[in-house]
Every structure is written in structure tokens, then in C-alpha cells.
file data.txt (compact mmCIF, C-alpha atoms and all ligand atoms)
# COMPACT_ATOMS: atom_id res chain seq x y z
CA MET T 838 109.07 78.02 115.01
CA SER T 839 111.86 77.16 117.40
CA ASN T 840 114.20 75.49 114.92
CA GLN T 841 113.45 77.87 112.11
CA VAL T 842 116.35 79.99 110.87
CA LYS T 843 115.16 83.60 110.91
CA THR T 844 114.78 85.44 107.61
CA ARG T 845 117.43 88.19 107.57
CA VAL T 846 115.78 91.39 106.40
CA LEU T 847 117.68 94.53 105.56
CA LEU T 848 115.06 97.27 106.10
CA GLY T 849 115.98 100.43 104.19
CA ILE T 850 114.25 103.68 105.22
CA THR T 851 114.41 106.68 102.92
CA GLY T 852 113.41 110.31 103.50
CA GLY T 853 109.64 110.64 103.28
CA ILE T 854 107.00 111.49 105.87
CA ALA T 855 105.88 107.83 105.85
CA ALA T 856 109.22 107.00 107.54
CA TYR T 857 107.46 107.38 110.89
CA LYS T 858 105.49 104.22 109.98
CA SER T 859 108.71 102.24 109.48
CA ALA T 860 109.04 101.71 113.24
CA GLU T 861 105.71 99.84 113.30
CA LEU T 862 106.70 97.94 110.16
CA CYS T 863 109.97 96.88 111.78
CA ARG T 864 108.11 95.76 114.92
CA GLN T 865 105.74 93.66 112.79
CA LEU T 866 108.64 92.05 110.89
CA VAL T 867 110.40 91.14 114.14
CA LYS T 868 107.12 89.81 115.54
CA SER T 869 106.73 87.61 112.43
CA GLY T 870 110.11 86.05 113.13
CA ALA T 871 112.50 88.14 111.00
CA GLU T 872 115.96 89.32 112.04
CA VAL T 873 116.07 92.99 110.98
CA GLN T 874 119.04 95.29 110.32
CA VAL T 875 117.95 98.87 109.60
CA VAL T 876 119.71 101.18 107.13
CA MET T 877 118.60 104.83 106.96
CA THR T 878 119.39 107.48 104.37
CA ALA T 879 120.29 111.04 105.38
CA GLY T 880 116.72 112.08 104.45
CA ALA T 881 115.20 109.40 106.69
CA LEU T 882 117.19 110.74 109.67
CA GLU T 883 115.19 113.98 109.34
CA PHE T 884 111.94 112.08 109.96
CA ILE T 885 112.70 109.36 112.51
CA THR T 886 115.61 108.75 114.89
CA PRO T 887 118.04 105.83 114.65
CA LEU T 888 117.42 105.29 118.38
CA THR T 889 113.76 104.44 117.69
CA MET T 890 114.73 102.01 114.94
CA GLN T 891 117.45 100.46 117.13
CA ALA T 892 114.88 99.91 119.89
CA VAL T 893 112.35 98.18 117.63
CA SER T 894 114.86 96.15 115.57
CA GLY T 895 117.10 95.21 118.50
CA ASN T 896 120.16 95.97 116.36
CA PRO T 897 122.40 99.03 115.85
CA VAL T 898 121.22 101.19 112.94
CA HIS T 899 123.43 101.85 109.90
CA HIS T 900 123.37 105.20 108.12
CA THR T 901 126.87 106.21 107.03
CA LEU T 902 128.91 104.75 104.21
CA LEU T 903 132.37 105.96 105.11
CA ASP T 904 132.32 105.47 108.88
CA PRO T 905 135.43 103.67 110.22
CA ALA T 906 133.66 102.64 113.44
CA ALA T 907 130.72 101.10 111.56
CA GLU T 908 133.03 99.40 109.06
CA ALA T 909 134.95 97.86 111.97
CA GLY T 910 131.67 96.28 113.12
CA MET T 911 129.61 94.89 110.22
CA GLY T 912 131.17 96.39 107.07
CA HIS T 913 128.93 97.38 104.21
CA ILE T 914 129.82 94.44 101.97
CA GLU T 915 129.32 92.05 104.89
CA LEU T 916 125.90 93.66 105.51
CA ALA T 917 124.98 93.27 101.83
CA ARG T 918 125.92 89.57 101.98
CA TRP T 919 124.07 89.09 105.28
CA ALA T 920 120.67 90.05 103.83
CA ASP T 921 118.28 87.30 102.63
CA GLN T 922 115.84 90.03 101.63
CA ILE T 923 115.94 93.79 101.14
CA LEU T 924 112.81 95.79 101.95
CA ILE T 925 112.80 99.55 101.32
CA ALA T 926 109.87 101.25 103.07
CA PRO T 927 109.22 104.04 102.40
CA ALA T 928 110.93 104.16 98.99
CA THR T 929 110.95 107.77 97.80
CA ALA T 930 110.99 108.95 94.17
CA ASP T 931 114.59 110.08 94.69
CA PHE T 932 115.68 106.70 96.03
CA ILE T 933 113.93 104.83 93.19
CA ALA T 934 115.68 107.11 90.65
CA ARG T 935 119.09 106.58 92.26
CA LEU T 936 118.56 102.83 92.46
CA ASN T 937 117.59 102.70 88.80
CA ALA T 938 120.62 104.81 87.85
CA GLY T 939 122.91 102.34 89.64
CA MET T 940 124.19 105.05 92.00
CA ALA T 941 126.18 104.08 95.06
CA ASN T 942 126.36 107.50 96.66
CA ASP T 943 125.14 106.52 100.11
CA LEU T 944 125.08 103.40 102.26
CA LEU T 945 121.62 102.15 101.18
CA THR T 946 122.17 102.42 97.40
CA THR T 947 125.62 100.85 97.83
CA LEU T 948 124.12 97.89 99.70
CA CYS T 949 121.44 97.43 97.05
CA LEU T 950 124.11 97.35 94.36
CA ALA T 951 126.33 95.00 96.35
CA SER T 952 123.56 92.45 97.05
CA ASP T 953 121.73 89.98 94.86
CA ALA T 954 118.96 89.41 97.43
CA PRO T 955 115.30 89.81 96.38
CA MET T 956 114.24 93.42 96.77
CA THR T 957 110.83 94.77 97.78
CA LEU T 958 109.94 98.45 97.48
CA ALA T 959 107.02 100.14 99.26
CA PRO T 960 106.89 103.45 97.36
CA ALA T 961 105.66 106.58 99.13
CA MET T 962 105.50 110.02 97.56
CA ASN T 963 103.17 112.77 96.39
CA GLN T 964 100.59 111.49 93.90
CA GLN T 965 101.91 113.67 91.06
CA MET T 966 105.47 112.49 91.71
CA TRP T 967 104.23 108.89 91.55
CA ARG T 968 102.26 109.52 88.36
CA ASN T 969 105.17 111.39 86.74
CA GLU T 970 106.44 109.54 83.68
CA ILE T 971 110.00 109.77 84.98
CA THR T 972 109.08 107.82 88.15
CA GLN T 973 106.95 105.37 86.16
CA ASN T 974 109.83 104.83 83.73
CA ASN T 975 112.22 104.23 86.62
CA ILE T 976 109.84 101.59 88.01
CA LYS T 977 109.46 99.92 84.60
CA SER T 978 113.20 99.95 84.09
CA LEU T 979 113.80 98.39 87.54
CA HIS T 980 111.26 95.66 86.71
CA ASN T 981 113.11 94.99 83.44
CA LEU T 982 116.51 94.99 85.10
CA LEU T 983 115.64 92.92 88.17
CA GLY T 984 112.79 90.71 86.87
CA ASN T 985 111.46 88.45 89.63
CA ARG T 986 114.02 89.85 92.07
CA LEU T 987 111.93 93.01 92.36
CA ARG T 988 108.57 93.27 94.01
CA LEU T 989 106.45 96.34 94.71
CA ILE T 990 104.02 96.66 97.60
CA GLY T 991 101.76 99.66 97.00
CA PRO T 992 101.56 102.55 96.85
CA ALA T 993 98.02 102.84 98.18
CA SER T 994 95.61 105.55 97.13
CA GLY T 995 94.06 108.11 99.43
CA GLU T 996 94.66 111.32 101.33
CA GLN T 997 98.29 112.40 101.45
CA ALA T 998 100.29 114.35 104.06
CA CYS T 999 100.51 117.28 101.58
CA GLY T 1000 96.71 117.42 101.27
CA ASP T 1001 96.55 115.83 97.80
CA VAL T 1002 94.41 112.77 97.18
CA GLY T 1003 95.61 109.97 94.90
CA PRO T 1004 98.11 107.13 94.59
CA GLY T 1005 101.37 107.49 96.53
CA ARG T 1006 100.56 106.66 100.17
CA MET T 1007 102.76 103.99 101.67
CA THR T 1008 100.80 100.77 102.21
CA GLU T 1009 99.96 100.32 105.91
CA PRO T 1010 102.83 98.68 107.90
CA GLN T 1011 100.77 95.63 108.91
CA ASP T 1012 99.81 94.97 105.28
CA ILE T 1013 103.42 95.40 104.08
CA ALA T 1014 104.65 92.99 106.78
CA THR T 1015 101.95 90.44 105.91
CA ALA T 1016 102.57 90.57 102.16
CA PHE T 1017 106.33 90.61 102.59
CA MET T 1018 106.56 87.74 105.08
CA SER T 1019 104.03 85.61 103.17
CA SER T 1020 106.03 85.69 99.95
CA PRO T 1021 107.71 82.29 99.54
CA SER T 1022 111.17 83.85 99.21
CA ALA T 1023 110.77 85.71 102.51
CA SER T 1024 109.28 82.87 104.49
CA ALA T 1025 111.63 80.21 103.18
CA SER T 1026 114.92 82.02 102.60
CA GLY T 1027 117.82 80.10 104.01
CA ALA T 1028 115.48 78.23 106.29
CA SER T 1029 113.48 75.91 104.09
CA SER T 1030 115.22 72.75 105.18
CA THR T 1031 114.65 73.41 108.87
CA ILE T 1032 110.98 74.38 108.86
CA GLU T 1033 109.13 72.00 111.15
CA GLN T 1034 106.11 70.08 109.91
CA SER T 1035 103.80 72.01 112.22
CA ASP T 1036 104.90 75.24 110.56
CA THR T 1037 103.33 74.32 107.27
CA ASN T 1038 100.23 76.33 108.26
CA SER T 1039 102.32 79.45 107.60
CA SER T 1040 101.89 78.67 103.89
CA LEU T 1041 99.43 76.75 101.72
CA ALA T 1042 101.89 73.91 101.18
CA GLY T 1043 100.10 70.62 100.62
CA LEU T 1044 96.65 72.23 100.36
CA SER T 1045 94.43 72.04 97.32
CA VAL T 1046 92.83 75.28 96.15
CA VAL T 1047 90.17 75.40 93.41
CA LEU T 1048 89.15 78.72 91.89
CA THR T 1049 86.65 79.96 89.34
CA ALA T 1050 87.51 83.04 87.28
CA GLY T 1051 86.38 85.13 84.33
CA PRO T 1052 82.91 85.52 82.83
CA THR T 1053 80.59 82.79 81.58
CA ARG T 1054 79.04 82.82 78.12
CA GLU T 1055 75.42 81.80 77.68
CA SER T 1056 74.56 80.86 74.11
CA ILE T 1057 71.54 82.35 72.37
CA ASP T 1058 72.28 80.66 69.05
CA PRO T 1059 75.48 79.34 67.39
CA VAL T 1060 76.89 82.88 66.94
CA ARG T 1061 75.44 84.97 69.78
CA TYR T 1062 75.71 84.88 73.54
CA ILE T 1063 75.07 86.78 76.81
CA SER T 1064 78.15 87.58 78.89
CA ASN T 1065 79.78 90.37 80.95
CA HIS T 1066 82.97 92.48 81.13
CA SER T 1067 84.90 90.32 83.62
CA SER T 1068 88.56 90.08 82.51
CA GLY T 1069 89.50 87.18 84.83
CA LYS T 1070 92.48 89.17 86.15
CA MET T 1071 91.55 88.96 89.84
CA GLY T 1072 90.93 85.20 89.76
CA VAL T 1073 94.14 84.57 87.79
CA ALA T 1074 96.11 86.76 90.24
CA LEU T 1075 94.63 84.79 93.16
CA ALA T 1076 95.52 81.48 91.47
CA GLU T 1077 99.11 82.67 91.00
CA ALA T 1078 99.33 83.93 94.59
CA ALA T 1079 98.01 80.62 95.98
CA SER T 1080 100.48 78.73 93.80
CA ARG T 1081 103.36 80.93 95.03
CA CYS T 1082 102.32 79.93 98.58
CA GLY T 1083 102.76 76.26 97.71
CA ALA T 1084 99.14 75.20 97.08
CA HIS T 1085 98.06 72.73 94.36
CA VAL T 1086 95.89 75.05 92.31
CA THR T 1087 93.09 74.29 89.85
CA LEU T 1088 91.70 77.27 87.95
CA ILE T 1089 88.31 76.83 86.30
CA CYS T 1090 88.22 79.68 83.86
CA GLY T 1091 85.57 81.12 81.57
CA PRO T 1092 86.50 82.69 78.21
CA VAL T 1093 89.23 85.31 78.85
CA SER T 1094 92.00 86.82 76.76
CA ILE T 1095 94.72 87.05 79.42
CA PRO T 1096 97.61 84.55 79.76
CA MET T 1097 96.99 81.58 82.05
CA PRO T 1098 99.39 81.15 84.99
CA GLU T 1099 102.08 78.50 84.89
CA GLY T 1100 102.19 75.66 87.39
CA VAL T 1101 98.40 75.71 87.75
CA LYS T 1102 95.91 73.16 86.41
CA ILE T 1103 93.58 74.96 83.99
CA VAL T 1104 90.05 73.79 83.23
CA SER T 1105 88.52 75.94 80.46
CA VAL T 1106 84.75 76.28 80.44
CA THR T 1107 82.17 78.38 78.61
CA SER T 1108 78.76 78.41 80.32
CA ALA T 1109 77.69 78.57 83.97
CA GLN T 1110 76.50 74.95 83.74
CA ASP T 1111 79.97 73.87 82.43
CA MET T 1112 81.56 75.82 85.28
CA LEU T 1113 79.32 74.15 87.86
CA ASP T 1114 80.06 70.67 86.45
CA ALA T 1115 83.82 71.36 86.51
CA ALA T 1116 83.65 72.82 90.04
CA VAL T 1117 81.72 69.83 91.43
CA GLU T 1118 84.26 67.48 89.84
CA GLN T 1119 87.39 69.40 90.92
CA VAL T 1120 86.29 70.34 94.42
CA SER T 1121 85.93 66.84 95.88
CA GLU T 1122 89.49 66.87 97.24
CA ALA T 1123 89.81 70.64 97.70
CA ASP T 1124 90.58 72.40 100.97
CA ILE T 1125 89.68 75.89 99.75
CA PHE T 1126 87.24 76.99 97.03
CA ILE T 1127 87.44 80.59 95.79
CA ALA T 1128 84.69 81.74 93.42
CA ALA T 1129 86.01 84.80 91.60
CA ALA T 1130 84.06 84.18 88.41
CA ALA T 1131 81.40 86.63 87.26
CA VAL T 1132 78.82 83.97 86.50
CA ALA T 1133 75.89 85.03 84.30
CA ASP T 1134 72.83 84.97 86.54
CA TYR T 1135 70.51 83.94 83.68
CA ARG T 1136 70.78 82.00 80.42
CA PRO T 1137 68.44 81.79 77.44
CA ALA T 1138 65.76 79.20 78.13
CA THR T 1139 66.57 77.56 74.81
CA GLN T 1140 69.56 77.73 72.48
CA ALA T 1141 68.54 77.93 68.82
CA GLU T 1142 70.34 75.36 66.71
CA GLU T 1143 70.50 77.71 63.72
CA LYS T 1144 71.38 81.40 63.67
CA ILE T 1145 68.23 83.39 64.54
CA LYS T 1146 67.25 85.40 61.47
CA LYS T 1147 66.43 89.10 61.61
CA SER T 1148 62.65 89.49 61.45
CA GLY T 1149 60.26 92.00 63.10
CA ASP T 1150 61.15 95.17 65.07
CA GLU T 1151 61.12 93.36 68.37
CA ILE T 1152 62.31 90.03 69.53
CA SER T 1153 61.99 88.61 73.02
CA LEU T 1154 64.25 86.24 74.78
CA THR T 1155 63.15 84.13 77.73
CA LEU T 1156 65.88 83.76 80.34
CA VAL T 1157 66.05 81.19 83.10
CA LYS T 1158 68.13 81.30 86.25
CA ASN T 1159 71.57 79.69 86.24
CA PRO T 1160 72.66 77.44 89.11
CA ASP T 1161 74.59 79.22 91.86
CA ILE T 1162 77.99 77.51 91.77
CA ILE T 1163 79.43 78.59 95.10
CA ALA T 1164 76.14 78.12 96.96
CA THR T 1165 75.94 74.57 95.54
CA ILE T 1166 79.49 73.78 96.70
CA ALA T 1167 79.08 75.53 100.07
CA ASN T 1168 75.97 73.53 100.87
CA HIS T 1169 77.59 70.12 100.35
CA ALA T 1170 78.08 68.21 103.59
CA GLU T 1171 81.81 67.69 102.91
CA ARG T 1172 82.57 71.22 101.84
CA PRO T 1173 85.86 73.09 101.44
CA PHE T 1174 86.47 76.52 102.99
CA CYS T 1175 84.38 78.75 100.68
CA VAL T 1176 85.31 82.26 99.59
CA GLY T 1177 82.95 84.28 97.41
CA PHE T 1178 83.08 87.69 95.80
CA ALA T 1179 80.46 90.44 95.88
CA ALA T 1180 80.57 93.06 93.15
CA GLU T 1181 78.13 95.78 94.10
CA THR T 1182 77.29 99.30 92.99
CA ARG T 1183 75.71 100.27 96.35
CA ASP T 1184 75.14 99.04 99.93
CA LEU T 1185 78.33 96.98 99.75
CA GLU T 1186 78.29 95.88 103.39
CA ARG T 1187 74.62 94.91 103.51
CA TYR T 1188 74.82 92.83 100.32
CA ALA T 1189 78.15 91.25 101.25
CA LEU T 1190 76.88 90.16 104.67
CA GLY T 1191 73.70 88.91 103.03
CA LYS T 1192 75.77 86.71 100.68
CA LEU T 1193 77.88 85.39 103.54
CA GLU T 1194 74.71 84.12 105.23
CA ARG T 1195 72.52 83.18 102.26
CA LYS T 1196 75.19 81.25 100.36
CA ASN T 1197 76.66 79.76 103.57
CA LEU T 1198 80.17 81.16 102.84
CA ASP T 1199 83.19 81.53 105.12
CA MET T 1200 84.44 84.75 103.54
CA VAL T 1201 83.18 87.36 101.09
CA ILE T 1202 85.52 89.70 99.23
CA ALA T 1203 83.46 92.73 98.28
CA ASN T 1204 84.24 95.43 95.75
CA ASP T 1205 82.47 98.53 94.56
CA VAL T 1206 82.05 98.11 90.79
CA SER T 1207 80.53 101.59 90.38
CA ARG T 1208 84.10 102.97 90.50
CA SER T 1209 85.71 102.94 87.03
CA ASP T 1210 89.30 103.07 88.38
CA ILE T 1211 89.04 99.68 90.11
CA GLY T 1212 87.35 96.31 89.75
CA PHE T 1213 85.96 95.04 86.44
CA ASN T 1214 88.49 95.07 83.59
CA SER T 1215 90.92 97.30 85.47
CA ALA T 1216 94.46 96.56 86.70
CA ASP T 1217 93.72 97.77 90.24
CA ASN T 1218 91.21 96.73 92.84
CA ALA T 1219 90.16 97.84 96.33
CA VAL T 1220 88.11 95.46 98.46
CA THR T 1221 86.60 94.86 101.88
CA VAL T 1222 86.81 91.35 103.26
CA PHE T 1223 83.92 90.04 105.39
CA SER T 1224 84.42 86.82 107.28
CA ARG T 1225 82.32 84.66 109.52
CA HIS T 1226 83.54 84.06 113.06
CA SER T 1227 81.99 82.32 116.02
CA ASP T 1228 81.45 85.78 117.57
CA GLY T 1229 79.87 87.31 114.45
CA ALA T 1230 81.10 88.75 111.15
CA GLN T 1231 84.34 90.74 110.88
CA GLN T 1232 85.53 93.05 108.15
CA GLN T 1233 88.82 94.49 106.85
CA ALA T 1234 89.33 97.03 104.06
CA PHE T 1235 92.20 96.93 101.53
CA ASP T 1236 93.08 100.17 99.68
CA ALA T 1237 93.29 100.29 95.87
CA MET T 1238 96.39 98.51 94.60
CA PRO T 1239 97.42 96.32 91.63
CA LYS T 1240 95.39 93.08 91.54
CA ARG T 1241 98.55 90.96 91.75
CA GLN T 1242 99.58 92.65 94.97
CA LEU T 1243 96.09 92.54 96.42
CA ALA T 1244 95.98 88.84 95.58
CA ASP T 1245 98.99 88.19 97.85
CA LEU T 1246 97.26 89.99 100.75
CA LEU T 1247 93.95 88.22 100.12
CA ILE T 1248 95.55 84.77 99.94
CA GLU T 1249 97.28 85.52 103.24
CA LYS T 1250 93.90 86.48 104.80
CA ILE T 1251 92.27 83.35 103.35
CA ARG T 1252 95.13 81.25 104.73
CA GLN T 1253 94.71 82.77 108.22
CA TYR T 1254 90.92 82.31 108.31
CA TYR T 1255 91.15 78.81 106.84
CA HIS T 1256 93.47 77.72 109.66
CA GLN T 1257 91.33 79.56 112.27
CA SER T 1258 88.20 77.80 110.97
CA ARG T 1259 89.93 74.48 111.59
CA GLY T 1260 90.93 75.58 115.11
CA GLU T 1261 94.66 75.58 114.26
O1 LIG E 1 75.09 86.53 93.72
P1 LIG E 1 76.30 87.14 93.15
O2 LIG E 1 76.50 86.86 91.70
O3 LIG E 1 76.51 88.59 93.44
O4 LIG E 1 77.47 86.40 93.98
C1 LIG E 1 78.78 86.56 93.71
C2 LIG E 1 79.57 85.37 94.17
O5 LIG E 1 78.87 84.15 93.89
C3 LIG E 1 80.86 85.26 93.39
O6 LIG E 1 81.78 84.64 94.26
C4 LIG E 1 80.49 84.39 92.23
O7 LIG E 1 81.61 83.75 91.66
C5 LIG E 1 79.53 83.41 92.86
N1 LIG E 1 78.48 82.95 91.95
C6 LIG E 1 78.46 81.62 91.60
N2 LIG E 1 77.47 81.17 90.76
C7 LIG E 1 76.51 81.99 90.31
C8 LIG E 1 76.52 83.34 90.66
C9 LIG E 1 77.53 83.80 91.48
O8 LIG E 1 79.33 80.86 92.00
N3 LIG E 1 75.58 81.53 89.51

call {"tool": "encode", "arguments": {"input": "data.txt", "output": "C-alpha cells"}}
result
Amino acid sequence: MSNQVKTRVLLGITGGIAAYKSAELCRQLVKSGAEVQVVMTAGALEFITPLTMQAVSGNPVHHTLLDPAAEAGMGHIELARWADQILIAPATADFIARLNAGMANDLLTTLCLASDAPMTLAPAMNQQMWRNEITQNNIKSLHNLLGNRLRLIGPASGEQACGDVGPGRMTEPQDIATAFMSSPSASASGASSTIEQSDTNSSLAGLSVVLTAGPTRESIDPVRYISNHSSGKMGVALAEAASRCGAHVTLICGPVSIPMPEGVKIVSVTSAQDMLDAAVEQVSEADIFIAAAAVADYRPATQAEEKIKKSGDEISLTLVKNPDIIATIANHAERPFCVGFAAETRDLERYALGKLERKNLDMVIANDVSRSDIGFNSADNAVTVFSRHSDGAQQQAFDAMPKRQLADLLIEKIRQYYHQSRGE
């Protein structure tokens, strides 16, 4: 780390109750090697003091636009140019609306307008305010205006300060810091040329990651098959996240109708047997294997060569067990770090821990598929990660959030455990 230029983060705090968590967020950013300048709106000053933020950031806090003393120090344009990254946490509905409107009526909005640095928002507001079409339109419009320059972390779902339950909680500070600092733009900004070789374990650079995703299709006859509702979104999001972290990524994907990520090698397969053959072939040089596919457990014992004709009132189909892909890979002598999924409708922990042991995995990412708002075929997911350590299994829960965002956090966890498993 010693020669690494620090990422310069402008941390904007706006006026929501979650502002009290910004002190911990700032501490985590500094701990991860960022240089942080804090800018607070008038609303934020009602929730947390500049003195607290100065203590945790180690820098004077900025909160006034037209302050001669502050301008004599680091003027607002200078501050806008200084930032490699802008992170606004919490980002209130009001701030998001003003940002989208291009307002420059306080120091923070002015800085955002005067900078072309990547911008990350961690929204926090009442669930109805978040769901309101006006807020959703503002978010969509910001995505359209800023493209890849804009990233959202959260909001998480759960109990809110006002007593409501729903989406709008600010993502926990540790998770924001992890996702933010693990994004390639944050970890490499201005410093890429000076990162030492030994620092490559802070990304997946140079590592090979193979993933399975989507459903498998098990033929009954030339026109019929057995399959499931897996959309492939989680596996594709993980492949993209691993690729953003610098890994060489191979995605072995069953039949899905979503776009395939760019910069990733795609191997398209249909049945579980095809998927196993592709995995065995691709995994020989892999460092990490992530099995996100929803593999059909059984296939028809025989596939009819001709379309089966309608006949009596009943027809029976004999099914035989499919090979377990991840268990096969995980039980090879020269195996990669193996991450499996567990989709359960009950007893999540018991089944997940059972899979960790039985399939000889390093990590299991478990989700509750009985909930219709997350998991299968939905844009959001909430998971608990179980991992195997020398001193027993550990677990960590991740609140419901968009799969793309969750993928960044999961890849960061996989990266950490992968390096720990190698004693690095
Ligand atoms: O046993 P179960 O299907 O619940 O296990 C889920 C995990 O095992 C997932 O990671 C899935 O991709 C993987 N799996 C597999 N091959 C199978 C069945 C599941 O790789 N035949």
C-alpha cells in the first residue's frame, strides 16, 4: 500500500436521519486507504456535527458556498477538481431532485455540477418517497444523463426510522464502503500506475473465474423439455462484477433471454450434462468457480427421437438424476475455490450449511425463494453468505437490493475469502 496514491473521495452528506451513519462510513473509507473531504448540506448539519466528521475524516468540513474564509482555503472549484470520486451518503429525495434539476443552490450541488468525477449515491428516505414516481423518474433521468458515471448503492429494505417497513434504508456503512472501494474506478483512480504487485489481491486482476448461470433444459422429445424459472440475472451480474474487478471471466450459461455481458467468454449450453462437460473443460485453469445455475436435478431417462403423440389419459415419465456439477468440480484434487448457491423455501441455514459440507464447498450463497419480491426471475435479491473457516462456518446477511449491486458486494466477499483460503 505504501506507494499507492490515495483515492480522493468527496463524501457528501445530506439531511436525513441516516446521516448519523456517515461518520462510520467515513471511518471505513479512511481505513480502506481513501483521502476524504466531507461536504455537508444545511439539512445534514441538523443531524450530525461537522466536528464529528472533521475528527473521522482528518480534514476540515465544508458546508457553505459563499464563505470567504473557506474560499481562501480550498475554493469550491478547486474542491470539485480535487475529487477522484464523489460519494453522497445519505442521498435524500430532495438532494436527488436538485441534482437531477441541475441546481447549484448550495455547496454540494455546485460541486457535483462542477465535477466530472464518477458519482455514487446511497439513497435514504421514507419508503413511499423512494417508491414515488417523481423520485424514480429523477433516478432514471440521472442514469440517462450520467450513464456509467453514476452508480447507486441501495437503498436497502427493512424497518425505517419513521416506523414504516420497505425500501429506503441507507445501505449499512461497511457495505457501502466495501462496494464503493471495490469498484475499479475507486480503487484505481489516479493511482493505477503506482499500485505495487503485492496489492493485486485487492482486485481479481490476473485471476480466472468460471461461472455457471441460468436454467438447464432436459429434453423429453424434440419439442418438449423440463426446465425451471431461473432468469440467469444473478449469474450474469456476478460475471459482470468479476470482470469489472479485472478477472478473466468465462460464463457457462443455460438458455436465457437476457443480454450477455461484454468482455466475458460465453459458453452456451442446454442440458445439465452439457453444462458439466463445459465446466470440466473450462475449470482446469480456473482460480474461482461460482455455480449460480439452477441445474435441473433430474432428466428424462430417455429422449424420444420423434414427438411423443397424445394417447391415453395418463402418461408417465421416468426421470434419472443429473450429475451434480459443483460437487464434481469441488471434489477434484486440483480444485478452484468453489462457491455454490442454495435456493430454499425453508430452513435456509440448515440446508445451506448442509450443502457447504456435503458438496465440499468454500462458500454458499443462500436465498429464500419463497419470497416473490426477491430471487428467481426478479430484479432484486437478498442473501446470506455461509463460508467455511478453519474455526467453523461463518455467515453474513445482505439486505434486498438490485442483483447488480449485490453482485459487487458478493464478488468482494468471494475475493476476500479466496485470498484468506490461500493464507494471503
Ligand atoms: O443441490 P442444490 O441444487 O440445491 O444446490 C445448489 C447449488 O449446486 C447451486 O450452486 C447449483 O448451481 C449447484 N448445482 C450443480 N449441479 C447440480 C445441481 C446443483 O452444480 N446438478

call {"tool": "closest_residue", "arguments": {"input": "data.txt", "among": "T:Leu847, T:Ile925, T:Leu862, T:Leu979", "to": "Val898 of chain T", "atoms": "only C-alpha atoms"}}
result
T:Leu847

call {"tool": "residues_near_ligand", "arguments": {"input": "data.txt", "ligand": "ligand LIG 1 (chain E)", "cutoff": "6 Å", "atoms": "only C-alpha atoms and all ligand atoms", "output": "ChimeraX atom specification"}}
result
/T:1128-1132,1134,1159-1163,1177-1179

call {"tool": "closest_atom_pairs", "arguments": {"input": "data.txt", "of": "segment 860-895 of chain T", "to": "segment 938-959 of chain T", "cutoff": "9 Å", "atoms": "all atoms listed in the file", "output": "tab-separated table"}}
result
residue	atom	partner	partner_atom	distance
T:Val876	CA	T:Leu945	CA	6.3
T:Met877	CA	T:Leu945	CA	7.1
T:Thr878	CA	T:Leu945	CA	6.6
T:Ala879	CA	T:Asp943	CA	8.5

call {"tool": "atom_distance", "arguments": {"input": "data.txt", "atom1": "atom CA of Ala860 of chain T", "atom2": "atom CA of Leu882 of chain T"}}
result
12.7 Å

call {"tool": "closest_residue", "arguments": {"input": "data.txt", "among": "T:Ala1123, T:Lys1240, T:Cys863, T:Phe1174", "to": "Thr889 of chain T", "atoms": "only C-alpha atoms"}}
result
T:Cys863

call {"tool": "closest_residue", "arguments": {"input": "data.txt", "among": "T:Gly849, T:Pro1173, T:Pro1052, T:Gly1083", "to": "Ile1125 of chain T", "atoms": "all atoms listed in the file"}}
result
T:Pro1173

call {"tool": "residues_around", "arguments": {"input": "data.txt", "residues": "Glu861 of chain T", "least_positions_apart": "4", "cutoff": "10 Å", "atoms": "only C-alpha atoms", "output": "CSV table (one decimal) with C-alpha atoms, in the coordinates of the input"}}
result
chain,number,residue,atom,x,y,z
T,856,ALA,CA,109.2,107.0,107.5
T,857,TYR,CA,107.5,107.4,110.9
T,865,GLN,CA,105.7,93.7,112.8
T,866,LEU,CA,108.6,92.0,110.9
T,867,VAL,CA,110.4,91.1,114.1
T,890,MET,CA,114.7,102.0,114.9
T,893,VAL,CA,112.4,98.2,117.6
T,1009,GLU,CA,100.0,100.3,105.9
T,1010,PRO,CA,102.8,98.7,107.9
T,1011,GLN,CA,100.8,95.6,108.9
T,1014,ALA,CA,104.6,93.0,106.8

call {"tool": "closest_residue", "arguments": {"input": "data.txt", "among": "T:Ile850, T:Leu982, T:Cys1090, T:Leu987", "to": "Ala928 of chain T", "atoms": "only C-alpha atoms"}}
result
T:Ile850

call {"tool": "atom_distance", "arguments": {"input": "data.txt", "atom1": "atom CA of Gln922 of chain T", "atom2": "atom CA of Thr844 of chain T"}}
result
7.6 Å

call {"tool": "residues_around", "arguments": {"input": "data.txt", "residues": "Glu1194 of chain T", "least_positions_apart": "6", "cutoff": "12 Å", "atoms": "all atoms listed in the file", "output": "VMD selection string"}}
result
chain T and resid 1164 1167 to 1168 1175 1177 1187 to 1188 1200 to 1201 1223 to 1226 1229 to 1230

call {"tool": "residues_around", "arguments": {"input": "data.txt", "residues": "segment 1139-1155 of chain T", "least_positions_apart": "4", "cutoff": "7 Å", "atoms": "all atoms listed in the file", "output": "VMD selection string"}}
result
chain T and resid 1056 to 1060

call {"tool": "closest_residue", "arguments": {"input": "data.txt", "among": "T:Val1117, T:Met1071, T:Leu1048, T:Ile914", "to": "His1085 of chain T", "atoms": "only C-alpha atoms"}}
result
T:Leu1048

call {"tool": "residues_around", "arguments": {"input": "data.txt", "residues": "Glu1122 of chain T", "least_positions_apart": "2", "cutoff": "10 Å", "atoms": "all atoms listed in the file", "output": "list in words"}}
result
Leu1044, Ser1045, Val1046, Val1047, Glu1118, Gln1119, Val1120, Asp1124, Ile1125, Glu1171, Arg1172 and Pro1173 of chain T

call {"tool": "axis_aligned_box", "arguments": {"input": "data.txt", "around": "segment 1109-1115 of chain T", "padding_each_side": "3 Å", "output": "lines of an AutoDock Vina configuration file"}}
result
center_x = 80.2
center_y = 74.6
center_z = 85.1
size_x = 13.3
size_y = 13.9
size_z = 11.4

call {"tool": "closest_residue", "arguments": {"input": "data.txt", "among": "T:Glu872, T:Lys1158, T:Arg1252, T:Ser1258", "to": "Leu1198 of chain T", "atoms": "all atoms listed in the file"}}
result
T:Ser1258

call {"tool": "atom_distance", "arguments": {"input": "data.txt", "atom1": "atom CA of Ala993 of chain T", "atom2": "atom CA of Ile976 of chain T"}}
result
15.6 Å
